[in-house]
Amino acid sequence: MGETIFALASAAGRAGVAVVRVSGPGAGDCIKHLTKKGIPAARRAVLRALYGADGAVIDQAVVLWFAAPHSLTGEDVAEFQVHGGRAIIEALAAALSALPGCRPAEGGEFTRRAVLNGKLDLTQAEAIADLVAAETEAQRRQALRQYDGALSTLYESWRTELLKTLAWAEASIDFSDEELPEGMLADMRHAAEAVRQAIGAHLNDARRGELVREGLFLTVIGPPNAGKSSLVNALAGRDVAIVSETAGTTRDVIEVRLDLGGYAVILADTAGLRAAAEAVEAEGVRRALARAEAADLVLLLLDGSDASFADFLPKDMVKKSLLTVWNKADLPWPSRRDGLALSLKTGEGLEAVIAAIAAKAKERLESAGDAPMLTRPRHRQALAEAVDALGRAMAAQEPELFAEDLRLALRSIGRITGRVDVEDLLDVIFRDFCIGK
Ligand code: GDP
């Protein structure tokens, strides 16, 4: 890792300011070469001219210096804040590339170095990606908490507990029963079981953290002509609601990402259903149910003016839906309808429908307690392995097998944060360990 890397840290394209970051042993030399002056005091903004290889001034820049290890990456870091024009950034990149041992960074390389230098653990590194990608308040809050180390602290607490237990287990292998403190074997099992249950509870979170991060899938189902497409269009057409529009990668449908009450909700256009409208009713219903199956939130949209729906409505569809909305309130209705009334023609009731969806999203995603949420399948898988290993440990009769399964559990948890140095830590714990003496 002797190389010095640099990259544009701000977004590409025209901007008031562009930030170019340099990290590595040559960062100080970069400042000296480019400014033709000495390295400024750490963490102090200084205004300097930057010179290119030809000796001409590239731009005036605010220069910042962070000496290792007190920097983003743990290495020497220099930051150049220049005017955000393409020619300036290109000239600066050329000047940096010309310096010995200095090259453009690869994607994620700064964060990777921060992890390798112990500045961040893996969950915090993931949180940086999430912070940058956050589109809603809930996503931002969750990512920031993870960046602050909420998940690391939780997982580390389990690891420490298991390491202590493992130390006792190792001791019980080396010493005879008479030499061991009374009740130690039982205590050991209690401790392992307590961690197993804590992880189990953390896993049993209805995927809230993952859904906050990825967004909730909302599907609008209902009979043909109820106004499903009109509803999707109405929701997507509200400027305040739209975050971005992306074509689905796996299916050929437009997915609209909405920010509803601070939560990301992904609304898939019901193109599939529309195609089925002319076909037999049963096929439309079958497809609607399949869609509902895959969705996190289901809104059942019905035509309040159509008298035939009451008979037609399949029970399964009603059961799946979390919200029932009756459309076409501007037309006369044959009878009273239970649920929200809406007219997509006049727009009446639309705000209430949006508020109701937001409330359902909040209900589904808001965590009950204060505990941080698991945010990635990677964490889930590793924790599930840990729970399995601890389950086997509880069933093991031999202390050797108990210890071996604890080790496996520790390794699984350690993989989440990137700390897998079981042996090292065990040495530390074991050094101060004294049995009954
Ligand atoms: P979908 O088949 O469920 O997707 O329904 P569409 O959104 O295509 O709407 C079916 C028909 O109902 C269209 O002709 C719409 O113009 C009409 N429609 C939708 N919403 C309303 C409404 O609130 N009032 C009235 N009168 N007509 C509506």
# chains A, B, ... in the order shown; residues from 1 in each chain; ligands from 1

$ closest_atom_pairs --of "chain A" --to "ligand 1" --cutoff "6 Å" --atoms "only C-alpha atoms and all ligand atoms" --output "tab-separated table"
residue	atom	partner	partner_atom_place_in_ligand_line	distance
A:Pro224	CA	ligand 1	2 (O)	4.1
A:Asn225	CA	ligand 1	2 (O)	3.3
A:Ala226	CA	ligand 1	3 (O)	4.0
A:Gly227	CA	ligand 1	5 (O)	3.2
A:Lys228	CA	ligand 1	3 (O)	3.7
A:Ser229	CA	ligand 1	4 (O)	3.8
A:Ser230	CA	ligand 1	7 (O)	3.7
A:Arg274	CA	ligand 1	2 (O)	5.7
A:Asn327	CA	ligand 1	23 (O)	5.2
A:Lys328	CA	ligand 1	23 (O)	3.4
A:Asp330	CA	ligand 1	24 (N)	5.7
A:Leu331	CA	ligand 1	26 (N)	5.8
A:Ser343	CA	ligand 1	23 (O)	3.5
A:Leu344	CA	ligand 1	23 (O)	3.6
A:Lys345	CA	ligand 1	23 (O)	4.1

$ closest_atom_pairs --of "stretch 163-221 of chain A" --to "stretch 257-264 of chain A" --cutoff "10 Å" --atoms "only C-alpha atoms" --output "tab-separated table"
residue	atom	partner	partner_atom	distance
A:Leu211	CA	A:Ala264	CA	8.5
A:Val212	CA	A:Tyr263	CA	6.7
A:Arg213	CA	A:Ala264	CA	7.9
A:Glu214	CA	A:Ala264	CA	7.6
A:Gly215	CA	A:Ala264	CA	4.5
A:Leu216	CA	A:Ala264	CA	6.3
A:Phe217	CA	A:Ala264	CA	8.9
A:Leu218	CA	A:Arg257	CA	10.0

$ write_last_selection --atoms "C-alpha atoms" --output "mmCIF file, in the first residue's frame"
data_model
loop_
_atom_site.group_PDB
_atom_site.id
_atom_site.type_symbol
_atom_site.label_atom_id
_atom_site.label_comp_id
_atom_site.auth_asym_id
_atom_site.auth_seq_id
_atom_site.Cartn_x
_atom_site.Cartn_y
_atom_site.Cartn_z
ATOM 1 C CA LEU A 211 -36.656 -2.513 3.802
ATOM 2 C CA VAL A 212 -35.835 0.994 4.995
ATOM 3 C CA ARG A 213 -32.663 0.723 2.970
ATOM 4 C CA GLU A 214 -34.140 -0.851 -0.156
ATOM 5 C CA GLY A 215 -37.608 0.691 -0.048
ATOM 6 C CA LEU A 216 -40.999 -0.919 0.417
ATOM 7 C CA PHE A 217 -42.682 -2.407 -2.640
ATOM 8 C CA LEU A 218 -46.202 -1.110 -3.044
#

$ closest_residue --among "A:Pro372, A:Gly304, A:Gly183, A:Gly26" --to "A:Ile39" --atoms "only C-alpha atoms"
A:Gly26

$ residues_around --residues "A:Ala42" --least-positions-apart "3" --cutoff "10 Å" --atoms "only C-alpha atoms" --output "ChimeraX atom specification"
/A:39,45,64-68,70-71,77-78

$ residues_around --residues "A:Glu3" --least-positions-apart "6" --cutoff "8 Å" --atoms "only C-alpha atoms" --output "PyMOL selection string"
chain A and resi 24-26+101-103

$ write_last_selection --atoms "all heavy atoms" --output "tab-separated table (two decimals), in the first residue's frame"
chain	number	residue	atom	x	y	z
A	24	GLY	N	-2.22	8.72	0.99
A	24	GLY	CA	-1.05	7.84	0.87
A	24	GLY	C	0.21	8.57	1.29
A	24	GLY	O	0.18	9.78	1.59
A	25	PRO	N	1.33	7.86	1.29
A	25	PRO	CA	2.58	8.44	1.79
A	25	PRO	C	3.04	9.67	1.00
A	25	PRO	O	3.76	10.51	1.53
A	25	PRO	CB	3.59	7.30	1.64
A	25	PRO	CG	2.96	6.31	0.74
A	25	PRO	CD	1.49	6.46	0.89
A	26	GLY	N	2.61	9.78	-0.27
A	26	GLY	CA	3.06	10.90	-1.08
A	26	GLY	C	2.14	12.12	-1.02
A	26	GLY	O	2.35	13.09	-1.76
A	101	GLY	N	4.63	7.73	-7.98
A	101	GLY	CA	3.88	6.91	-7.00
A	101	GLY	C	2.46	7.36	-6.79
A	101	GLY	O	1.79	6.92	-5.87
A	102	CYS	N	1.98	8.25	-7.67
A	102	CYS	CA	0.64	8.80	-7.50
A	102	CYS	C	-0.24	8.32	-8.66
A	102	CYS	O	0.13	8.44	-9.81
A	102	CYS	CB	0.75	10.32	-7.50
A	102	CYS	SG	-0.61	11.13	-6.69
A	103	ARG	N	-1.38	7.77	-8.34
A	103	ARG	CA	-2.27	7.27	-9.41
A	103	ARG	C	-3.74	7.47	-9.03
A	103	ARG	O	-4.06	7.63	-7.85
A	103	ARG	CB	-2.01	5.78	-9.65
A	103	ARG	CG	-2.36	4.93	-8.44
A	103	ARG	CD	-2.55	3.47	-8.83
A	103	ARG	NE	-2.68	2.62	-7.64
A	103	ARG	CZ	-3.82	2.42	-7.01
A	103	ARG	NH1	-4.93	3.03	-7.41
A	103	ARG	NH2	-3.87	1.64	-5.94

$ closest_residue --among "A:Leu235, A:Leu390, A:Ala129, A:Ile416" --to "A:Arg196" --atoms "only C-alpha atoms"
A:Leu390

$ closest_residue --among "A:Asp187, A:Val353, A:Asp306, A:Asn204" --to "A:Pro223" --atoms "only C-alpha atoms"
A:Asp306

$ closest_atom_pairs --of "stretch 317-414 of chain A" --to "stretch 155-175 of chain A" --cutoff "9 Å" --atoms "only C-alpha atoms" --output "CSV"
residue,atom,partner,partner_atom,distance
A:Pro399,CA,A:Ile173,CA,6.2
A:Glu400,CA,A:Ile173,CA,6.7
A:Phe402,CA,A:Ala169,CA,7.4
A:Ala403,CA,A:Ala169,CA,5.8
A:Glu404,CA,A:Leu166,CA,8.8
A:Leu406,CA,A:Leu166,CA,6.4
A:Arg407,CA,A:Leu166,CA,7.4
A:Ala409,CA,A:Leu162,CA,8.3
A:Leu410,CA,A:Arg159,CA,6.0
A:Arg411,CA,A:Arg159,CA,9.0
A:Ile413,CA,A:Tyr155,CA,6.7
A:Gly414,CA,A:Arg159,CA,7.4

$ atom_distance --atom1 "atom CA of A:Leu144" --atom2 "atom CA of A:Ile128"
8.2 Å
